[in-house]
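Q: Before anything else, here's the structure in question.
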Amino acid sequence: MININQITLNVPNGLFKNTVSNFFKKYAIVFLSIILSIISIGSFILFYKNGLGLAYNDARSHLDIGRRVVEGLKPGLAQLGSVWLPLPHMLMIPTIWNDFMWHSGLSGALQSMISFVGTGIIIYVFLKKLNVNFIGRIIGLLVFVANWNVLYLQSTAMTELLLIGTMTAGVYYLLIWQDSEKILDLIKASFWIMLSTLNRYDGWFLLVMATILVGIITLRKRGYKVTEGVILLFLTLAGIGIALWVLWNLLIFKDPLYFILGPYSAHAQQQQLSQAGNLPTKHNLWLSTFIYYYALAFNVGIVTLIIGSIGTLLFYFDKKISSNVKIICLALFAPLIFNIIALYFGFSVLFIQGISGNTWFNVRYGVMMVPTIAIFIGYLVSKLKNFRPVLIGVILMILFFSMSSADAVTVDDARVGSSQVNVSAAGNWLNQNAKNKPGFVLISAASHDAIIFSSGLPMSKFIHEGTGAYWLSATKSPDRWARWIVMRTNDNTDQTWKLVSKSPGFKRFKLVGHFPFADIYELKPQYLNQLETKPVFGKQK
Amino acid sequence: MKSFKLKINKKIFSNINLSIHTFINKVISKIKTKVTVFKNSPFFLENKFILDYISKLFKGVIKFFPKNKSTFITIFTLLISILFFSTIIKGGKGNPIYYQVEHNKQIGGPFEDSISSARYALTESIVLNQSLFLSPSLAEFAAPDVVYYKGKFTSVFTPGISFLGVPFYFIGSLLGLPQLFTYFATILFAILDIFLIARIAVKVGSSYLAGIIGGCIFIFCTNALTYGINFTQHDVTAAVVLLALLNAFSKRNWINNTLFGVLVGASLLIDIPNIIFLAPIGLYILAKSFSFKQIRTRTQLIFNTTIFGFIVGFIPLIMLFGWYNYQTTGSYTKLAQSIGITSMFSKNVPPQFAPNKPSTAQPVSFNFNLHIPFETRIQVEGLYILLLSNERSWIFYSPIVFVGLIGFILLYTKIETRSKSLLILSIIIVNILLYSMFDDPWGGWAFGPRYLIPSAALLTTMIPAAIDRFRKNIIFILLFVILLYYSIWVNVLGALTTSAIPPKVEAVALPTHIPWTYKYNEQLISTGLLTSLIYNLFLTNLISPNFYWNILTISIFVFFIILYILQFTKTDRVEFFQSISHGFYIKNKFKSVFNRLFKSH
């Protein structure tokens, strides 16, 4: 007799448990790579179409640095500079020569996009290594992927995703190493950590932390003598990036600590802020912690942060997890500790709207902890069997509303915060008035890189600090070398103004454009006949 | 060192025990003395026959009680609830009663808040004008929650509550009391909530009496009391959620699934976000529709097709909603609120209706934004406002509801009630999280966390579990009684004065400063504002508003105490009072705490 109240489906035993699940297990990484790549490309297109791909001025500066290596009056590796660490710009070199790759930002975003896909896969395998079940791994991955801040930063030429990727990979291989004790795993970890040290200074802190943790683990397992050797081995590769960077600064700028103490360093900028009273976190641990946690909450979502924190607590109280695993996983907190310390010592600045006035600045630093939170949420989902449906429901609900409300604080940071300076007007002026006329533009790249980018002019049109003899000559006799000068009038922090305003040739220029962040001067027509309009120095050393 | 610590702790415990013991003995002896004095007083001797009668009546009731426990409690609670509600219903002296024809939006009146007046305006328009649109005068009365679209005014709210009020308004208008009767609709649901909570409590293994206490806590100790006497969606939403929960705990068949569909449809008509609260229940029911059976080499996946009954119940109401939308906006799916409120009456709008100030952290949207009014960006502030702030949180308005968390732990630890407790918890979480993402987590000018009223109802369904477990525990009783009295005190104050307390951001910006907590209600009552109809009709010259508030608080508190004592069996009572009077109870408690503390050492 047919029962209309029921539909029955007969499935051979083990169909789901064995066949389907085995198939997925086998090809999980392939599936994830495809899905994550689609998401990554989709996000890039979305932000590009929305005109947000290069909303951060820093993104344009990064692209310009990469471009100067291959094109300009003095191309070459020396253009990598000293302010920012070189890895992101080095990775741009193969593609930045192409104008579309440069001006679309894709050359810089590409590495972030690959890092995004890579980090997603690492989160998955990291959780697998922690014996987290399949659903836990997927939820952990989802927390990382369904985050507009991550998606935005992977779609732009910023350095955060590359750092997240290299750091997470480094910690993952440390996790493998503590279990396998294979030298190769330690070398892999040190390789990724070395890459992170060449990307952002957060990586340097990870190196210190990882070295200590590797030391502790080895000491617990093998004693002091072996520890000495293991640390040495680890540091040989992991620390080589830092050593090379110091050497680079010594060779190019004649000061091994130029990147820390130089005129364009973060330290110099922070000193200005401190003098203006805009560094409230300095020497205030509570405020530093508070501000960074707010940045975290805005990047990750307050509920996700709370759930992740619960996951962390349970993880560290879980007796089933070995203490070595717990020790290594402490490295996941490197960004948290680093950022709080950096704020406390005044090395870094972070503004939260509503707390630090009515603006955002550097709030994106909070995004560094997304993989950590994703991992601990994945763990929690797996751990709490009875609460699992509620937990998953809450996470999905929050992720849905976060996505539907387009909650990307990093977009705000880039568009309305202090990171944003609308330079398109000055850039447009140059494009319209200088594009088809012979002559160079004298400009400080340190102050106006975004204008260089926005102008759409070739890099070889600009004389900037990195152009050697051109810069020296043009700042002495601007009327002989520059047809246009872009600078902030009466502002000695602008190197061009500082050097040019005192030169007699500056009198031969007239102000042709006044913009919020820069003025444009043009050489009076009667002096054009004495102007150099072609590169004359040849290949400079 | 360890033994030294132990000695010190023992000494401290014995000292505390001794002082509590002495204090209780003193109180008991004082009470005994007072009773003896009272028994020998002329008043007692003169009125002995009346007192004897009351005593006999009470004994009779007590005798009746064990036999027809549930019936007695139900009738007793129903009558007392009606009595209490009648003492707080809003109204004033008029001809015969004010507000029946007067559309006065003064502070404390039934129309003080546009969430009530806009709904009432629609009800009035349906009955008097047979129209879903508001006349200009009614639109002004409903402002600012009015939408102006294609030359016509309509309420910004979904029509469920207004539809509900139609028969009540109609009957009321025949008697010249349309406002009183219309508002009675929500009171009915508020009273219904008591019994629904009790039913759910029974479903999760608690006693019916404890369930009734839970239900009464919801109605008299939370802002459900304030909103129960207004014409708003809150108490009705709570009823729908409770009914859906009861439905989910029942067997899955065509009738129950159809009824669930009806509830979901009705919930949409009442307020759109309700559908999100009901989502966990829907998923629970859906999960119950699937089952697995292991038969030798194969697994049987059984799907209960009665789940399709949901569609049968859901469709008529969603069609009604679609029809309403079509009439008002010209589209079956376009909601009036999606058009936005009109600013035509903004000049005449009192301050409590002023639009809310934007949050400090408004996100910059890009093309992906779906423009849903729930944004995770404001959640940090939203959670603070709803859960911690003195502006709206339960901590300040109804701390008694937190006893429900103890109940949750107790239910969760039992395997048979675990899934039910998790379902209840998940609805609470969804409710809290949803409104923490809302543009205005304060609920405008409101009393307490009005958006969390369904959660308060759900938390109170778990209070009975705690009461059943700890009903003789002196620490629990002390805690319970203190929280209970405080919660009644605050919420009766809200019901008797105003439900329009400004958020802090607005209060500080007002030309005349007013508090942003229930201090505002205290301020109003001290200036003589009391909105109770009974008080305004009969008692203004006899007692002060303050006295009325206190006497009502004490009466409700006594009602709770009676309910609480009724739980005790005779043996319970003897044991409990004996243990208190001899200090054994406390002594034993301290002993067990002491043992637990040092057990691990």
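By order in the structure tokens, chains are A, B, ...; within a chain, residues start at 1; ligands start at 1, following the order shown.
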Need the shell around Glu228 (chain A): protein/DNA/RNA residues with any atom at most 12 Å away, counting only C-alpha atoms. Skip same-chain ones fewer than 2 positions apart. Format as a ChimeraX atom specification?
A: /A:211-212,214-219,222-226,230-235
Q: Keeping only C-alpha atoms, write the selected residues as a PDB file, in the first residue's frame.
A:
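Contents of the output file selection-v5.pdb:
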```
ATOM      1  CA  THR A 211      62.149  31.396  16.388  1.00  0.00           C
ATOM      2  CA  ILE A 212      61.187  31.427  20.061  1.00  0.00           C
ATOM      3  CA  VAL A 214      60.710  26.588  17.433  1.00  0.00           C
ATOM      4  CA  GLY A 215      63.250  26.898  20.260  1.00  0.00           C
ATOM      5  CA  ILE A 216      60.713  25.961  22.917  1.00  0.00           C
ATOM      6  CA  ILE A 217      59.456  22.952  20.973  1.00  0.00           C
ATOM      7  CA  THR A 218      62.939  21.641  20.246  1.00  0.00           C
ATOM      8  CA  LEU A 219      64.056  22.266  23.786  1.00  0.00           C
ATOM      9  CA  ARG A 222      65.526  17.279  22.159  1.00  0.00           C
ATOM     10  CA  GLY A 223      67.378  19.356  24.724  1.00  0.00           C
ATOM     11  CA  TYR A 224      69.602  22.413  24.505  1.00  0.00           C
ATOM     12  CA  LYS A 225      72.301  21.311  22.037  1.00  0.00           C
ATOM     13  CA  VAL A 226      69.892  20.270  19.305  1.00  0.00           C
ATOM     14  CA  VAL A 230      67.694  23.862  14.849  1.00  0.00           C
ATOM     15  CA  ILE A 231      67.372  27.577  15.581  1.00  0.00           C
ATOM     16  CA  LEU A 232      70.474  28.294  13.560  1.00  0.00           C
ATOM     17  CA  LEU A 233      69.142  26.296  10.650  1.00  0.00           C
ATOM     18  CA  PHE A 234      65.767  27.959  10.894  1.00  0.00           C
ATOM     19  CA  LEU A 235      67.213  31.445  11.063  1.00  0.00           C
TER      20      LEU A 235
END
```
Q: Neighbours of Val208 (chain A) within 12 Å (only C-alpha atoms; same-chain residues fewer than 5 positions away dropped), as a PDB file with N, CA and C atoms, in the first residue's frame?
A:
```pdb
ATOM      1  N   SER A 190      60.559  28.132   7.187  1.00  0.00           N
ATOM      2  CA  SER A 190      61.467  29.286   7.207  1.00  0.00           C
ATOM      3  C   SER A 190      61.428  30.033   5.864  1.00  0.00           C
ATOM      4  N   ILE A 193      58.297  32.175   5.947  1.00  0.00           N
ATOM      5  CA  ILE A 193      58.471  33.279   6.916  1.00  0.00           C
ATOM      6  C   ILE A 193      59.459  34.300   6.348  1.00  0.00           C
ATOM      7  N   MET A 194      60.487  33.795   5.647  1.00  0.00           N
ATOM      8  CA  MET A 194      61.439  34.712   5.005  1.00  0.00           C
ATOM      9  C   MET A 194      60.702  35.611   3.996  1.00  0.00           C
ATOM     10  N   THR A 197      58.919  38.316   5.729  1.00  0.00           N
ATOM     11  CA  THR A 197      59.788  39.399   6.229  1.00  0.00           C
ATOM     12  C   THR A 197      60.169  40.360   5.107  1.00  0.00           C
ATOM     13  N   TYR A 201      56.590  44.582   7.763  1.00  0.00           N
ATOM     14  CA  TYR A 201      57.379  44.419   8.989  1.00  0.00           C
ATOM     15  C   TYR A 201      56.701  43.509  10.009  1.00  0.00           C
ATOM     16  N   ASP A 202      55.419  43.242   9.805  1.00  0.00           N
ATOM     17  CA  ASP A 202      54.716  42.265  10.654  1.00  0.00           C
ATOM     18  C   ASP A 202      55.441  40.917  10.581  1.00  0.00           C
ATOM     19  N   GLY A 203      55.990  40.625   9.382  1.00  0.00           N
ATOM     20  CA  GLY A 203      56.704  39.368   9.160  1.00  0.00           C
ATOM     21  C   GLY A 203      57.951  39.266  10.026  1.00  0.00           C
ATOM     22  N   LEU A 213      59.308  30.027  19.399  1.00  0.00           N
ATOM     23  CA  LEU A 213      58.440  28.842  19.493  1.00  0.00           C
ATOM     24  C   LEU A 213      59.165  27.581  19.016  1.00  0.00           C
ATOM     25  N   VAL A 214      59.925  27.730  17.932  1.00  0.00           N
ATOM     26  CA  VAL A 214      60.710  26.588  17.433  1.00  0.00           C
ATOM     27  C   VAL A 214      61.709  26.173  18.525  1.00  0.00           C
ATOM     28  N   GLY A 215      62.309  27.165  19.162  1.00  0.00           N
ATOM     29  CA  GLY A 215      63.250  26.898  20.260  1.00  0.00           C
ATOM     30  C   GLY A 215      62.589  26.137  21.397  1.00  0.00           C
ATOM     31  N   ILE A 231      67.641  26.130  15.686  1.00  0.00           N
ATOM     32  CA  ILE A 231      67.372  27.577  15.581  1.00  0.00           C
ATOM     33  C   ILE A 231      68.282  28.195  14.520  1.00  0.00           C
ATOM     34  N   PHE A 234      67.013  27.229  11.168  1.00  0.00           N
ATOM     35  CA  PHE A 234      65.767  27.959  10.894  1.00  0.00           C
ATOM     36  C   PHE A 234      66.065  29.405  10.521  1.00  0.00           C
ATOM     37  N   LEU A 235      66.929  30.023  11.283  1.00  0.00           N
ATOM     38  CA  LEU A 235      67.213  31.445  11.063  1.00  0.00           C
ATOM     39  C   LEU A 235      68.018  31.691   9.788  1.00  0.00           C
ATOM     40  N   ALA A 238      65.199  31.777   7.192  1.00  0.00           N
ATOM     41  CA  ALA A 238      64.109  32.706   7.561  1.00  0.00           C
ATOM     42  C   ALA A 238      64.623  34.127   7.739  1.00  0.00           C
ATOM     43  N   GLY A 239      65.856  34.272   8.190  1.00  0.00           N
ATOM     44  CA  GLY A 239      66.381  35.607   8.479  1.00  0.00           C
ATOM     45  C   GLY A 239      67.137  36.236   7.331  1.00  0.00           C
ATOM     46  N   ILE A 242      65.784  39.603   5.892  1.00  0.00           N
ATOM     47  CA  ILE A 242      66.079  40.793   6.691  1.00  0.00           C
ATOM     48  C   ILE A 242      67.530  41.218   6.469  1.00  0.00           C
ATOM     49  N   ALA A 331      51.835  31.202  17.158  1.00  0.00           N
ATOM     50  CA  ALA A 331      52.363  32.033  16.073  1.00  0.00           C
ATOM     51  C   ALA A 331      51.242  32.678  15.260  1.00  0.00           C
ATOM     52  N   ALA A 334      50.678  36.319  16.042  1.00  0.00           N
ATOM     53  CA  ALA A 334      51.747  37.305  15.798  1.00  0.00           C
ATOM     54  C   ALA A 334      51.205  38.657  15.327  1.00  0.00           C
ATOM     55  N   ILE A 337      49.688  40.628  18.381  1.00  0.00           N
ATOM     56  CA  ILE A 337      50.684  41.156  19.318  1.00  0.00           C
ATOM     57  C   ILE A 337      51.498  42.264  18.643  1.00  0.00           C
ATOM     58  N   PHE A 338      51.892  42.011  17.392  1.00  0.00           N
ATOM     59  CA  PHE A 338      52.707  43.001  16.685  1.00  0.00           C
ATOM     60  C   PHE A 338      51.987  44.344  16.586  1.00  0.00           C
TER      61      PHE A 338
END
```
Q: Could you find all residues in region 224-325 of chain B that DSSP calls alpha helix (DSSP H) from the backbone, and write them as a VMD selection string?
A: chain B and resid 224 to 228 234 to 248 254 to 270 274 to 288 309 to 325
Q: Tell me, as a PyMOL selection string, which residues lie within 10 Å of Asn223 (chain B), counting only C-alpha atoms; anything in the same chain fewer than 6 positions away does not count.
A: chain B and resi 234-235+394+397-398+446-450+452-453+456+487-488+490-492+494-495+499
Q: Quick one, how far is CA of Leu268 (chain B) from CA of Ile219 (chain B)?
A: 23.2 Å
Q: From the list A:Ile176, A:Leu305, A:Val423, A:Ile328, which residue is nearest chain B when using only C-alpha atoms?
A: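 Closest candidate: A:Leu305.
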Q: Could you list the residues in chain A lying within 10 Å of chain B, using only C-alpha atoms, and format the result as a count of residues only?
A: 60
Q: Env of Ala118 (chain B): 7 Å cut, atoms = only C-alpha atoms, seq-sep filter 6 positions within chain, self excluded. Answer as a VMD selection string.
A: chain B and resid 142 to 143 145 155
Q: Tell me, as a list of chain:residue names, which residues lie within 9 Å of Gln233 (chain B), counting only C-alpha atoms; anything in the same chain fewer than 5 positions away does not count.
A: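 Counting only C-alpha atoms, the residues come to B:Ile115, B:Ser116, B:Gly160, B:Ile161, B:Thr186, B:Tyr227, B:Ala238, B:Ile270, B:Asp271.
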Q: Taking only C-alpha atoms into account, name the residue in B:Gly309, B:Pro167, B:Pro503, B:Gly340 that is nearest to Ile385 (chain B).
A: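 Between B:Gly309, B:Pro167, B:Pro503, B:Gly340, the residue approaching Ile385 (chain B) most closely is B:Pro503.
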Q: Take CA of Lys320 (chain A) and CA of Asn133 (chain A) and report the distance between them in Å, one decimal.
A: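 Distance reported for this atom pair: 14.8 Å.
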Q: Using only C-alpha atoms, determine which residues lie at most 10 Å from Pro75 (chain A), disregarding the query and same-chain residues fewer than 4 positions distant; provide the list as an mmCIF file with C-alpha atoms, in the first residue's frame.
A:
```cif
data_model
loop_
_atom_site.group_PDB
_atom_site.id
_atom_site.type_symbol
_atom_site.label_atom_id
_atom_site.label_comp_id
_atom_site.auth_asym_id
_atom_site.auth_seq_id
_atom_site.Cartn_x
_atom_site.Cartn_y
_atom_site.Cartn_z
ATOM 1 C CA ARG A 67 56.777 50.302 -12.828
ATOM 2 C CA ARG A 68 59.867 52.426 -12.118
ATOM 3 C CA VAL A 69 61.954 49.265 -12.020
ATOM 4 C CA VAL A 70 61.173 48.602 -15.683
ATOM 5 C CA GLU A 71 60.396 52.046 -17.078
ATOM 6 C CA GLN A 79 63.962 51.883 -7.770
ATOM 7 C CA LEU A 80 62.621 49.387 -5.238
ATOM 8 C CA MET A 459 57.082 57.052 -16.020
ATOM 9 C CA SER A 460 59.814 58.411 -18.300
ATOM 10 C CA GLY A 466 64.965 58.115 -7.989
ATOM 11 C CA THR A 467 66.175 59.556 -11.276
ATOM 12 C CA LYS A 539 72.469 54.734 -18.583
ATOM 13 C CA GLN A 540 73.215 55.932 -15.091
#
```
Q: What's around Val30 (chain A) at 10 Å? Count only C-alpha atoms, leave out sequence neighbours fewer than 6 positions away in its own chain, and write the answer as a list in words.
A: Phe24, Leu36 and Ile121 of chain A
Q: Counting only C-alpha atoms, which residues of region 242-345 of chain A fall within 10 Å of region 82-97 of chain A, and what is the closest atom pair for each with its distance in Å at one decimal, ordered by chain and rising number, as a Markdown table?
A:
```
| residue | atom | partner | partner_atom | distance |
| --- | --- | --- | --- | --- |
| A:Ile242 | CA | A:Leu85 | CA | 9.6 |
| A:Trp245 | CA | A:Leu85 | CA | 7.9 |
| A:Val246 | CA | A:Ser82 | CA | 9.8 |
| A:Trp248 | CA | A:Ser82 | CA | 8.6 |
| A:Asn249 | CA | A:Ser82 | CA | 6.8 |
| A:Ile252 | CA | A:Ser82 | CA | 8.9 |
| A:Phe253 | CA | A:Ser82 | CA | 8.2 |
| A:Leu257 | CA | A:Ser82 | CA | 9.6 |
| A:Tyr258 | CA | A:Ser82 | CA | 7.0 |
| A:Phe259 | CA | A:Ser82 | CA | 5.2 |
| A:Ile260 | CA | A:Val83 | CA | 8.1 |
| A:Leu261 | CA | A:Val83 | CA | 9.9 |
| A:Gly262 | CA | A:Val83 | CA | 8.2 |
| A:Pro263 | CA | A:Val83 | CA | 9.2 |
| A:Tyr264 | CA | A:Val83 | CA | 6.3 |
| A:Ser265 | CA | A:Val83 | CA | 5.5 |
| A:Ala266 | CA | A:Val83 | CA | 7.6 |
```
